[in-house]
Structures are given as structure tokens and as C-alpha cells.
$ cat target02.txt   # compact mmCIF, C-alpha atoms
# COMPACT_ATOMS: atom_id res chain seq x y z
CA MET W 211 139.13 130.06 140.35
CA ARG W 212 137.84 126.52 140.57
CA ALA W 213 134.36 127.74 141.44
CA GLN W 214 134.47 130.15 138.50
CA VAL W 215 135.55 127.35 136.21
CA ARG W 216 133.01 124.87 137.50
CA PHE W 217 130.03 127.22 137.24
CA PRO W 218 130.12 127.51 133.42
CA ILE W 219 130.72 123.77 133.22
CA ILE W 220 127.64 123.16 135.37
CA LEU W 221 125.60 125.52 133.17
CA ARG W 222 126.77 123.71 130.05
CA CYS W 223 125.90 120.36 131.59
CA LEU W 224 122.47 121.61 132.58
CA GLY W 225 122.00 122.93 129.06
CA VAL W 226 122.89 119.58 127.56
CA LEU W 227 120.53 117.87 130.00
CA PHE W 228 117.72 120.30 129.12
CA ILE W 229 118.16 119.66 125.39
CA GLY W 230 118.22 115.95 126.07
CA LEU W 231 114.96 116.15 128.00
CA ILE W 232 113.34 118.05 125.15
CA ALA W 233 114.55 115.43 122.71
CA LEU W 234 113.26 112.61 124.85
CA SER W 235 109.88 114.33 125.07
CA LEU W 236 109.64 113.95 121.32
CA SER W 237 109.16 110.61 119.61
CA PRO W 238 112.11 108.35 118.75
CA ARG W 239 111.55 109.40 115.13
CA ALA W 240 112.32 113.06 115.94
CA TRP W 241 115.46 112.22 117.90
CA ALA W 242 116.67 109.80 115.23
CA ALA W 243 116.14 112.40 112.50
CA ASP W 244 118.02 115.04 114.51
CA MET W 245 120.95 112.83 115.40
CA ALA W 246 121.35 111.29 111.95
CA GLY W 247 120.82 114.55 110.10
CA LYS W 248 118.29 112.94 107.76
CA SER W 249 114.69 111.86 107.70
CA ALA W 250 113.89 108.83 109.83
CA VAL W 251 110.65 108.28 107.90
CA MET W 252 112.49 108.32 104.57
CA THR W 253 115.13 105.93 105.90
CA GLU W 254 112.51 103.46 107.15
CA TYR W 255 110.40 103.81 104.01
CA ARG W 256 113.40 102.98 101.82
CA HIS W 257 114.06 99.95 104.01
CA ARG W 258 110.44 98.82 103.68
CA LEU W 259 110.55 99.12 99.88
CA ASP W 260 112.94 96.18 99.83
CA PHE W 261 110.27 94.18 101.65
CA VAL W 262 107.56 95.42 99.26
CA ARG W 263 109.55 94.24 96.23
CA GLN W 264 109.65 90.76 97.72
CA GLU W 265 105.87 90.91 98.22
CA ILE W 266 105.04 91.63 94.57
CA PRO W 267 104.28 87.97 93.70
CA GLN W 268 101.84 87.81 96.64
CA ILE W 269 100.25 91.11 95.59
CA THR W 270 99.91 89.84 92.02
CA ALA W 271 98.30 86.61 93.25
CA ALA W 272 95.86 88.63 95.36
CA ALA W 273 95.01 90.82 92.37
CA GLU W 274 94.44 87.75 90.19
CA THR W 275 91.98 86.36 92.74
CA VAL W 276 89.98 89.60 92.72
CA ALA W 277 90.16 89.90 88.91
CA LYS W 278 88.79 86.39 88.40
CA ARG W 279 85.99 87.09 90.86
CA TRP W 280 85.14 90.30 88.99
CA VAL W 281 85.07 88.65 85.55
CA ASP W 282 83.20 85.56 86.75
CA LYS W 283 80.60 87.46 88.77
CA LYS W 284 80.25 90.34 86.26
CA GLN W 285 78.93 92.70 88.96
CA MET W 286 81.43 93.19 91.79
CA LEU W 287 81.89 96.30 93.93
CA CYS W 288 85.13 97.30 95.65
CA HIS W 289 84.22 98.81 99.05
CA TYR W 290 86.93 100.88 100.79
CA ALA W 291 86.02 101.18 104.44
CA PHE W 292 85.86 104.29 106.60
CA GLY W 293 86.17 103.95 110.37
CA GLY W 294 88.88 103.13 112.86
CA ASP W 295 92.14 104.36 111.36
CA THR W 296 91.61 103.06 107.81
CA GLY W 297 89.87 106.19 106.46
CA ASP W 298 92.96 107.90 105.06
CA PHE W 299 93.85 104.73 103.14
CA ALA W 300 90.33 104.78 101.71
CA MET W 301 90.64 108.47 100.82
CA GLU W 302 93.76 107.72 98.78
CA ASN W 303 91.91 105.15 96.68
CA ILE W 304 88.47 106.60 95.98
CA SER W 305 87.55 109.07 93.19
CA ARG W 306 91.23 109.18 92.39
CA ALA W 307 93.12 110.42 89.35
CA GLY W 308 94.60 107.30 87.80
CA GLY W 309 92.54 105.08 90.06
CA LEU W 310 89.73 102.58 89.48
CA ASP W 311 86.23 104.04 89.35
CA ASN W 312 85.01 100.88 91.10
CA ASN W 313 86.96 101.87 94.25
CA GLN W 314 84.28 103.62 96.31
CA PRO W 315 83.42 104.20 100.00
CA ASN W 316 81.62 101.36 101.75
CA THR W 317 78.85 103.83 102.58
CA VAL W 318 77.58 104.25 98.98
CA ARG W 319 76.00 101.98 96.32
CA VAL W 320 74.00 100.30 99.07
CA LYS W 321 71.25 99.03 96.72
CA LEU W 322 73.85 97.46 94.41
CA ARG W 323 75.57 95.40 97.09
CA SER W 324 75.77 91.65 96.70
CA ALA W 325 77.75 88.68 98.00
CA ASN W 326 80.09 89.22 95.03
CA ASP W 327 81.71 92.30 96.55
CA VAL W 328 85.18 92.98 97.99
CA TYR W 329 85.84 94.80 101.29
CA ILE W 330 89.22 96.57 101.44
CA VAL W 331 90.92 98.17 104.45
CA GLY W 332 94.35 99.52 105.36
CA PRO W 333 94.88 99.93 109.12
CA ARG W 334 97.70 102.33 110.01
CA SER W 335 98.35 100.29 113.16
CA TRP W 336 96.59 97.51 115.01
CA GLU W 337 96.89 99.52 118.21
CA LYS W 338 94.36 102.07 116.94
CA GLY W 339 92.71 100.21 114.09
CA GLY W 340 92.26 96.77 115.57
CA ASP W 341 89.01 97.23 117.47
CA PHE W 342 87.17 98.60 114.42
CA LEU W 343 88.26 95.70 112.23
CA LYS W 344 87.45 93.10 114.89
CA THR W 345 83.85 94.27 114.47
CA GLU W 346 83.66 95.15 110.77
CA LEU W 347 85.63 92.35 109.10
CA PRO W 348 83.27 89.65 110.47
CA LYS W 349 80.29 91.68 109.19
CA ALA W 350 81.80 91.87 105.71
CA HIS W 351 82.68 88.18 105.80
CA ASP W 352 79.14 87.25 106.82
CA MET W 353 77.83 89.19 103.79
CA GLY W 354 79.91 86.94 101.56
CA TRP W 355 82.39 89.68 100.70
CA LEU W 356 86.01 88.91 99.96
CA THR W 357 88.06 90.67 102.65
CA VAL W 358 91.37 92.31 101.72
CA VAL W 359 93.67 93.85 104.35
CA PHE W 360 96.79 95.97 103.83
CA GLY W 361 98.61 96.06 107.17
CA SER W 362 101.17 94.56 109.49
CA LYS W 363 101.33 90.81 109.88
CA ASN W 364 103.29 91.34 113.07
CA GLY W 365 100.98 92.33 115.89
CA MET W 366 97.82 91.41 114.00
CA PRO W 367 94.94 90.26 116.24
CA GLU W 368 94.16 86.58 115.98
CA GLY W 369 91.01 85.20 114.44
CA LEU W 370 90.20 87.98 111.97
CA PRO W 371 88.31 86.68 108.91
CA ILE W 372 90.79 87.84 106.26
CA ASP W 373 90.80 86.28 102.79
CA ILE W 374 93.72 88.26 101.35
CA PHE W 375 96.45 89.88 103.43
CA ILE W 376 99.16 92.19 102.07
CA ASP W 377 101.91 92.76 104.62
CA ASN W 378 103.55 96.18 105.03
CA GLY W 379 106.60 94.80 106.83
CA ALA W 380 106.15 96.61 110.15
CA LYS W 381 107.91 95.22 113.21
CA GLY W 382 104.73 95.18 115.28
CA GLY W 383 101.23 96.51 115.63
CA SER W 384 101.93 99.68 117.62
CA GLU W 385 101.14 103.26 116.65
CA GLN W 386 104.86 104.08 116.71
CA GLU W 387 105.24 102.79 113.13
CA ALA W 388 101.91 104.12 111.87
CA ALA W 389 103.19 107.10 109.87
CA VAL W 390 105.47 104.87 107.79
CA ASN W 391 102.86 102.09 107.67
CA GLN W 392 100.44 104.43 105.95
CA ILE W 393 102.90 105.37 103.21
CA VAL W 394 103.80 101.71 102.66
CA ASN W 395 100.12 100.73 102.65
CA ILE W 396 99.25 103.23 99.92
CA THR W 397 102.32 102.18 97.93
CA CYS W 398 101.20 98.55 98.11
CA GLY W 399 97.67 99.71 97.36
CA TRP W 400 98.69 101.24 94.04
CA ILE W 401 100.79 98.22 93.16
CA TYR W 402 97.73 96.09 93.86
CA ASN W 403 95.52 98.32 91.68
CA CYS W 404 98.06 98.08 88.88
CA GLU W 405 98.28 94.31 89.17
CA LEU W 406 94.48 94.00 89.38
CA THR W 407 94.20 95.95 86.14
CA ALA W 408 96.89 93.83 84.50
CA ALA W 409 95.20 90.62 85.68
CA LEU W 410 91.92 91.79 84.16
CA THR W 411 93.61 92.35 80.79
CA ARG W 412 94.89 88.77 80.87
CA LEU W 413 91.22 87.79 81.17
CA GLY W 414 90.32 89.97 78.19
CA GLN W 415 88.94 92.95 80.15
CA TYR W 416 89.96 96.35 81.49
CA PRO W 417 88.37 98.50 84.23
CA ALA W 418 87.30 102.14 84.19
CA ILE W 419 90.29 104.32 85.15
CA LEU W 420 89.78 108.00 85.97
CA ARG W 421 91.79 110.93 84.58
CA GLY W 422 93.12 113.75 86.76
CA MET W 423 90.98 116.89 86.70
CA PRO W 424 93.60 119.28 85.25
CA VAL W 425 94.73 116.91 82.47
CA PRO W 426 93.27 117.98 79.10
CA GLY W 427 90.26 115.87 78.17
CA ALA W 428 89.53 114.94 81.80
CA GLN W 429 85.90 116.04 81.82
CA ALA W 430 84.96 114.17 78.65
CA HIS W 431 86.84 111.03 79.74
CA ASN W 432 85.43 110.95 83.27
CA LYS W 433 81.90 111.58 81.98
CA ILE W 434 82.19 108.25 80.15
CA TYR W 435 83.95 106.20 82.80
CA GLN W 436 82.91 107.68 86.16
CA SER W 437 79.73 106.29 87.75
CA SER W 438 80.07 106.44 91.53
CA ASP W 439 76.49 105.27 92.06
CA GLY W 440 76.38 102.78 89.19
CA PRO W 441 77.45 99.19 88.51
CA SER W 442 81.07 98.11 88.10
CA LYS W 443 81.82 98.02 84.38
CA LEU W 444 84.47 96.14 82.46
CA TYR W 445 85.48 96.75 78.85
CA PRO W 446 86.97 94.39 76.24
CA CYS W 447 90.77 94.36 76.02
CA ASP W 448 92.94 92.46 73.55
CA THR W 449 96.31 93.55 75.00
CA PRO W 450 97.26 91.35 77.97
CA ILE W 451 99.72 92.93 80.42
CA PRO W 452 102.32 90.58 81.93
CA ALA W 453 102.15 89.88 85.66
CA GLY W 454 104.41 92.12 87.74
CA SER W 455 105.27 94.52 84.94
CA LEU W 456 103.11 97.42 86.14
CA ALA W 457 104.29 96.94 89.72
CA LYS W 458 107.88 97.30 88.52
CA ILE W 459 107.10 100.52 86.64
CA TYR W 460 105.35 102.03 89.65
CA LEU W 461 108.25 101.28 91.98
CA GLU W 462 110.71 102.73 89.47
CA GLN W 463 108.73 105.99 89.61
CA VAL W 464 108.69 105.84 93.40
CA GLU W 465 112.50 105.72 93.32
CA ARG W 466 112.58 108.81 91.09
CA GLU W 467 110.39 110.69 93.56
CA LEU W 468 112.57 109.65 96.48
CA ALA W 469 115.61 111.00 94.65
CA ASN W 470 113.76 114.26 94.09
CA LEU W 471 112.74 114.59 97.74
CA GLU W 472 116.29 113.90 98.91
CA SER W 473 117.90 116.26 96.38
CA LYS W 474 119.61 119.41 97.66
CA PRO W 475 117.13 121.85 96.02
CA MET W 476 114.16 120.10 97.65
CA GLN W 477 115.92 119.70 100.98
CA ASP W 478 116.73 123.41 100.88
CA GLN W 479 113.05 124.19 100.31
CA ILE W 480 111.96 121.99 103.21
CA ALA W 481 114.66 123.52 105.44
CA ARG W 482 113.53 127.04 104.59
CA ALA W 483 109.92 126.13 105.36
CA ALA W 484 110.99 124.57 108.67
CA ASP W 485 112.95 127.69 109.60
CA ILE W 486 109.90 129.88 108.94
CA ALA W 487 107.81 127.57 111.12
CA VAL W 488 110.35 127.72 113.97
CA GLU W 489 110.39 131.53 113.77
CA HIS W 490 106.62 131.60 114.20
CA LEU W 491 106.72 129.13 117.08
CA LYS W 492 109.44 131.09 118.87
CA ALA W 493 107.28 134.21 118.47
CA GLY W 494 104.43 132.44 120.27
CA LYS W 495 102.35 131.84 117.16
CA THR W 496 100.61 128.64 116.14
CA VAL W 497 101.73 126.59 113.14
CA TRP W 498 98.97 124.72 111.33
CA ALA W 499 98.72 122.18 108.51
CA SER W 500 95.80 121.36 106.26
CA SER W 501 95.15 119.77 102.87
CA PHE W 502 92.20 119.09 100.59
CA THR W 503 94.04 116.22 98.90
CA HIS W 504 93.29 112.55 99.34
CA VAL W 505 95.46 110.78 101.93
CA LEU W 506 97.04 113.93 103.37
CA ASP W 507 93.67 115.41 104.31
CA GLY W 508 93.71 113.09 107.31
CA GLU W 509 97.42 112.34 107.71
CA VAL W 510 98.17 115.91 108.86
CA LEU W 511 96.08 115.16 111.95
CA VAL W 512 98.08 112.22 113.28
CA ASP W 513 101.58 111.31 114.46
CA ASN W 514 103.08 114.80 114.23
CA ILE W 515 106.26 115.06 116.28
CA SER W 516 106.63 118.85 116.06
CA PRO W 517 104.08 121.25 117.64
CA ILE W 518 102.15 121.49 114.35
CA LYS W 519 98.39 121.59 114.79
CA ALA W 520 96.08 120.53 112.00
CA PHE W 521 92.54 120.52 110.66
CA ARG W 522 90.81 118.95 107.68
CA GLY W 523 90.69 120.85 104.41
CA ILE W 524 87.97 118.86 102.63
CA SER W 525 85.21 118.80 105.24
CA CYS W 526 85.86 122.38 106.31
CA GLY W 527 82.27 123.64 106.56
CA ALA W 528 80.05 125.48 104.12
CA ASN W 529 82.09 128.66 104.43
CA GLY W 530 85.44 127.23 105.39
CA GLU W 531 84.75 127.37 109.12
CA THR W 532 87.63 125.10 110.08
CA PHE W 533 89.96 127.66 108.52
CA THR W 534 88.30 130.76 109.95
CA ASN W 535 87.74 129.27 113.42
CA ASN W 536 91.34 128.09 113.82
CA LEU W 537 93.61 130.51 111.98
CA LYS W 538 94.55 133.77 113.65
CA LYS W 539 96.51 136.72 112.33
CA GLY W 540 100.22 135.96 112.53
CA ASP W 541 99.76 132.18 112.63
CA LEU W 542 101.40 130.09 109.93
CA LEU W 543 99.49 127.60 107.76
CA PHE W 544 101.10 124.90 105.65
CA TYR W 545 98.45 124.32 103.01
CA PHE W 546 98.90 121.36 100.63
CA GLY W 547 97.16 120.96 97.28
CA GLU W 548 97.99 118.89 94.22
CA TRP W 549 97.96 120.61 90.81
CA SER W 550 96.18 123.56 92.36
CA LEU W 551 95.29 125.18 95.65
CA ASN W 552 91.59 125.68 94.95
CA LEU W 553 88.76 123.55 93.64
CA PRO W 554 86.37 124.92 90.99
CA TRP W 555 83.64 125.16 93.60
CA ARG W 556 85.72 126.45 96.55
CA ASP W 557 88.18 129.36 96.80
CA TYR W 558 90.45 128.14 99.59
CA LEU W 559 93.01 130.89 99.03
CA LYS W 560 90.37 133.59 99.57
CA ILE W 561 89.33 131.94 102.84
CA ILE W 562 92.93 131.64 104.03
CA ARG W 563 93.77 135.23 103.13
CA GLY W 564 90.70 136.43 104.99
CA THR W 565 92.07 135.05 108.25
CA GLY W 566 95.21 137.23 108.19
CA ALA W 567 97.40 134.18 108.79
CA ASP W 568 100.74 133.71 107.06
CA PHE W 569 100.76 130.73 104.73
CA ILE W 570 103.09 128.41 102.85
CA PRO W 571 101.29 126.65 100.01
CA GLY W 572 102.51 123.32 98.67
CA TYR W 573 101.49 122.13 95.23
CA ARG W 574 102.82 121.09 91.83
CA VAL W 575 103.97 124.22 90.03
CA GLY W 576 103.51 123.70 86.29
CA VAL W 577 103.06 125.47 82.96
CA GLU W 578 101.46 122.63 81.00
CA PRO W 579 98.12 123.17 79.19
CA THR W 580 95.26 122.30 81.54
CA GLU W 581 91.59 121.38 81.35
CA PRO W 582 89.37 124.51 81.66
CA TYR W 583 86.77 124.64 84.42
CA GLU W 584 83.96 127.04 85.15
CA GLY W 585 82.87 127.71 88.71
CA PRO W 586 82.77 130.25 91.52
CA ALA W 587 86.49 129.76 92.25
CA ASN W 588 89.60 130.20 90.13
CA PHE W 589 90.77 126.58 90.06
CA TYR W 590 94.23 127.54 88.83
CA ASP W 591 94.87 130.64 90.96
CA GLN W 592 98.65 130.89 91.34
CA LYS W 593 98.98 134.53 92.40
CA LEU W 594 100.98 133.83 95.52
CA ASP W 595 103.05 136.97 96.05
CA ASP W 596 101.68 137.20 99.60
CA ALA W 597 102.80 133.67 100.54
CA GLN W 598 105.85 133.18 102.75
CA MET W 599 107.20 130.79 100.09
CA VAL W 600 105.99 127.91 97.93
CA LEU W 601 106.92 124.38 98.95
CA GLU W 602 106.91 122.65 95.59
CA GLN W 603 105.68 119.19 94.73
CA GLN W 604 107.57 117.85 91.73
CA TRP W 605 105.81 114.75 90.44
CA PRO W 606 104.93 114.20 86.74
CA PHE W 607 102.08 116.31 85.35
CA GLU W 608 99.53 113.54 84.80
CA ASN W 609 100.22 112.23 88.33
CA ALA W 610 99.32 108.77 87.03
CA VAL W 611 102.69 107.24 86.15
CA VAL W 612 102.07 103.70 84.83
CA PRO W 613 101.31 103.34 81.07
CA ILE W 614 98.29 101.22 80.11
CA PRO W 615 97.07 100.26 76.60
CA PHE W 616 93.56 101.73 76.99
CA PRO W 617 91.99 105.04 78.14
CA PRO W 618 93.19 107.22 79.74
CA GLY W 619 96.64 105.83 78.86
CA LYS W 620 98.12 105.94 82.37
CA MET W 621 97.11 104.86 85.87
CA ALA W 622 98.40 104.85 89.47
CA PRO W 623 99.05 108.32 90.96
CA ILE W 624 102.31 109.07 92.73
CA SER W 625 101.40 112.30 94.54
CA GLY W 626 100.05 110.60 97.67
CA VAL W 627 103.34 108.85 98.38
CA TYR W 628 105.28 112.00 97.51
CA VAL W 629 103.36 114.46 99.66
CA CYS W 630 103.13 112.15 102.69
CA LEU W 631 106.91 111.78 102.67
CA GLN W 632 107.42 115.50 102.13
CA TYR W 633 105.10 116.35 105.00
CA ARG W 634 106.77 113.90 107.40
CA MET W 635 110.20 115.25 106.43
CA LEU W 636 109.00 118.80 107.13
CA ASP W 637 107.54 117.75 110.50
CA GLU W 638 110.80 116.04 111.46
CA MET W 639 112.89 119.01 110.41
CA ILE W 640 110.79 121.43 112.49
CA ALA W 641 111.12 119.16 115.53
CA ALA W 642 114.87 118.79 115.04
CA ARG W 643 115.37 122.56 114.73
CA LEU W 644 113.42 123.18 117.92
CA VAL W 645 115.74 120.78 119.73
CA ALA W 646 118.85 122.38 118.23
CA LYS W 647 117.73 125.92 119.03
$ encode --input "target02.txt" --output "C-alpha cells"
Amino acid sequence: MRAQVRFPIILRCLGVLFIGLIALSLSPRAWAADMAGKSAVMTEYRHRLDFVRQEIPQITAAAETVAKRWVDKKQMLCHYAFGGDTGDFAMENISRAGGLDNNQPNTVRVKLRSANDVYIVGPRSWEKGGDFLKTELPKAHDMGWLTVVFGSKNGMPEGLPIDIFIDNGAKGGSEQEAAVNQIVNITCGWIYNCELTAALTRLGQYPAILRGMPVPGAQAHNKIYQSSDGPSKLYPCDTPIPAGSLAKIYLEQVERELANLESKPMQDQIARAADIAVEHLKAGKTVWASSFTHVLDGEVLVDNISPIKAFRGISCGANGETFTNNLKKGDLLFYFGEWSLNLPWRDYLKIIRGTGADFIPGYRVGVEPTEPYEGPANFYDQKLDDAQMVLEQQWPFENAVVPIPFPPGKMAPISGVYVCLQYRMLDEMIAARLVAK
């Protein structure tokens, strides 16, 4: 009898040990999310927002320094660097709906460069991004450029030539905090862009701000204000914006998006998507993620704690080779857009369907009037009856959420923060379900 009693107990103990080993094989973020029953990334991001609020005066001061340089020098380029691990931060800021046209990659406008310029980077962690910046920041400094860094003060290498530093509040410089660091960096980045714009208005100027492609009037507006290979233009403004006011508005919208992501309807959607992913994994299939959006195009590739694999959606080859070479029939693809799932010049949905893979698209489902586009692809294709489900993004239609008293009327997109958090919550939930099952 004792042996018969002990044997099930031993099996149960071994089962508990096995689950524990699986959990320990995942990152601390996965285990924390599973044990707490909520997103570890969301919890840490909310904690960091308290730090960000305290940093607003420093961000405003930094923006005022850049604004004065821009007005005094007349011609000043804002170079967002690619290389190391700062590329996704750059992607979030360049050619962006609600963003400054002057924010461009450091690889363009070469003939227009001068000592007036500003070099801007956002390392996800010093562990992976430090070596690149140890080389590139001195180069920028030697060119006379003002150097601006969004990153962690803790763990930062010594001796870097940094003129302006905006701290993300990380505990150290390791990769372990990188996923949250990125979301905080882009949050601070949009606060900085808002405060730079406000500082310019207090000097009697405003910068060119781009309008999101699907917003009515986008093509006409961007034709006037978008000049990726031209000089940095400023326009007269007689409505000064008080310091800190735009930062406050942006953070208020961030709080609304956090409430949406944590709401039961959205949590139910994420849970359903995670369950579908786990079913595919248990059946021996591969689960993939890809996006043609700004920051998420690269973020899907790093710091996943579930078995999700990923590939880039933007640089996918002339015929979508990264889709066709990776996706197999029966696989599952999480595919993230913004207002749409195609671009006017590329039919992503046709490529995905041609692979035979199952797919869960994520985008902002809306019925608002949109800007018409002509091209080889149906930009607004929403015939998704063959999708496993739709994982909705629920940010405001214009995406830009901060009112400004000049065209296009709003700036500072929220979708990058939203979709990064949504993706990390999905990743955590898949990992937690694999442990539980």
C-alpha cells in the first residue's frame, strides 16, 4: 500500500520538477508573468512611466537646446543612427505619421551634412549596443554634431562623448531589460519630439510634421512638408506652446492605451491568439511573427521568450522571399500592420496566402473615411475570412494624438508603444501557457 501511495506522489513530484525546469529555461520575465497571472512587461513599463514623468523637465531642457540650435543655425539635420541595437529606435522615428520630417536615417542627406547637425541614438541595452556607440559617438562628436542618447544611465560605458542624455530608468545595462527599455525609449522619444516642437514655437517657428497615409488629405499635406533629401525647414508660428504641456498630453494618451490593453476584451483576444499559437506548437508546427510597421519590424526578432520565430516584413525581398522561404503550410504567422495589412505597392496578404500558412493579422480595424491610393495592391484589403482571427489594435484613427496649432493639427503617434506592448504580452502569454500545459 505504501509503495502504491508513494508512486503517484513521486510522479507528481517529478511532474512539478519538470514544469519547474521548463519555467527556469525561460527568462525571468516569462516565469514572472506566469506566476503573477499578468504581463511582466506591462508591470515594469507602468513602473518606468513614473520615472519618465519625473524626467520631463530634463527632456524639455534637452529639446530647448536642440530647438535653439535649429533656429540659430537655420540648417540643422536630425540624424537617427542605424547599427548596433539602435536601429529599431530609429525606425520608430523616421518617415513617421505624426513625426518630424527632419528625423531621417544617418545614411541619407550626405551632401547636406554640416557641423550644425544632431546625432540621435536609442540603445536597447549597453550589453549589445555599447560597442557600436563606443565607435560611432566619437565620430559624430568629431564632426561637430550634438549627440543625443536615449538609454540607461545605469551600466553606461564611461567616457562616451554625449551632449544630451535621456535616462530610461533601467536598473543596469544588460539585455535582460532590453524589451522594456525599447518601449520606454520610444515613449521618451515622442515626448522629446513633442517638447522640441513646443520649444520651436516659443522661438516663433514650427517644424514640418507628417500626416499618416490613410488620413484624408495625407498625400497633399505630405507633398508640401515631406522632403527626405532636402534641407530642414522651419515655418513661422505665432502660437507658443507652454513647456511640458505636450508631454503631459502624450502621457495621458499612453495611459488610455494601457487601460485598453489591460481590459478584459483585449486580454480575451490576446488569450485566444495565444491558445491558437500553443495548438500549432503542440502539433509540431512553427509559429512566426512579422510586421512591416516601424519599431515592430525589428522588435519581433529579439527577446522573445516563447518559441516564436520571426523575420522582417519591410525588407522582405522583391517578391516577398522572407515570407515564402520561411512559411510552410500549417505554420502560424502573427502579422502586424497599422491601419492596414498591405502597402499600396505590395500585397502582403497575397504573399502570405500563397504560402498556405495559417495567419492571425493584427491591425487597427476602422470604418472612418480614408485617403484613396492607387497602386498594384489593395491598400485597404480587409477580406480576412480565411484568417484564424484578428488581433485588433485600438488606438485613435489619426494615430498622432497630441494637438498642435499648425498643420497637420496633431503629432506624436501612439501605435508603436501600443503594438510593442501588445506583442510582448502575447509572447508572454504563449510562454506561460506552454509551461502550464
$ closest_residue --input "target02.txt" --among "W:Asp311, W:Glu602, W:Asp595, W:Asp295" --to "Leu420 in chain W" --atoms "all atoms listed in the file"
W:Asp311
$ residues_near_point --input "target02.txt" --point "(98.1, 119.3, 104.9)" --cutoff "6 Å" --atoms "all atoms listed in the file" --output "list in words"
Ala499, Ser500, Ser501, Leu506, Asp507, Val510, Tyr545 and Phe546 of chain W
$ closest_residue --input "target02.txt" --among "W:Leu310, W:Leu644, W:Ala484, W:Ala528" --to "Ile570 in chain W" --atoms "all atoms listed in the file"
W:Ala484
$ closest_atom_pairs --input "target02.txt" --of "range 383-494 of chain W" --to "range 621-631 of chain W" --cutoff "8 Å" --atoms "all atoms listed in the file" --output "tab-separated table"
residue	atom	partner	partner_atom	distance
W:Ile393	CA	W:Val627	CA	6.0
W:Ile396	CA	W:Val627	CA	7.1
W:Thr397	CA	W:Val627	CA	6.8
W:Trp400	CA	W:Ala622	CA	5.8
W:Ile401	CA	W:Ala622	CA	8.0
W:Asn403	CA	W:Ala622	CA	7.5
W:Cys404	CA	W:Ala622	CA	6.8
W:Ile419	CA	W:Met621	CA	6.9
W:Leu420	CA	W:Met621	CA	8.0
W:Tyr460	CA	W:Ala622	CA	7.5
W:Gln463	CA	W:Ile624	CA	7.8
W:Val464	CA	W:Ile624	CA	7.2
W:Glu467	CA	W:Tyr628	CA	6.6
W:Leu468	CA	W:Tyr628	CA	7.7
W:Leu471	CA	W:Tyr628	CA	7.9
$ residues_around --input "target02.txt" --residues "range 314-327 of chain W" --least-positions-apart "4" --cutoff "6 Å" --atoms "all atoms listed in the file" --output "PyMOL selection string"
chain W and resi 286-287+289-291+304+353-355+439
$ write_last_selection --input "target02.txt" --atoms "C-alpha atoms" --output "compact mmCIF listing (two decimals), keeping the file's coordinate frame"
# COMPACT_ATOMS: atom_id res chain seq x y z
CA MET W 286 81.43 93.19 91.79
CA LEU W 287 81.89 96.30 93.93
CA HIS W 289 84.22 98.81 99.05
CA TYR W 290 86.93 100.88 100.79
CA ALA W 291 86.02 101.18 104.44
CA ILE W 304 88.47 106.60 95.98
CA MET W 353 77.83 89.19 103.79
CA GLY W 354 79.91 86.94 101.56
CA TRP W 355 82.39 89.68 100.70
CA ASP W 439 76.49 105.27 92.06
$ axis_aligned_box --input "target02.txt" --around "range 580-588 of chain W" --padding-each-side "5 Å" --output "JSON"
{"center_x": 89.0, "center_y": 125.8, "center_z": 86.8, "size_x": 22.5, "size_y": 18.9, "size_z": 20.9}
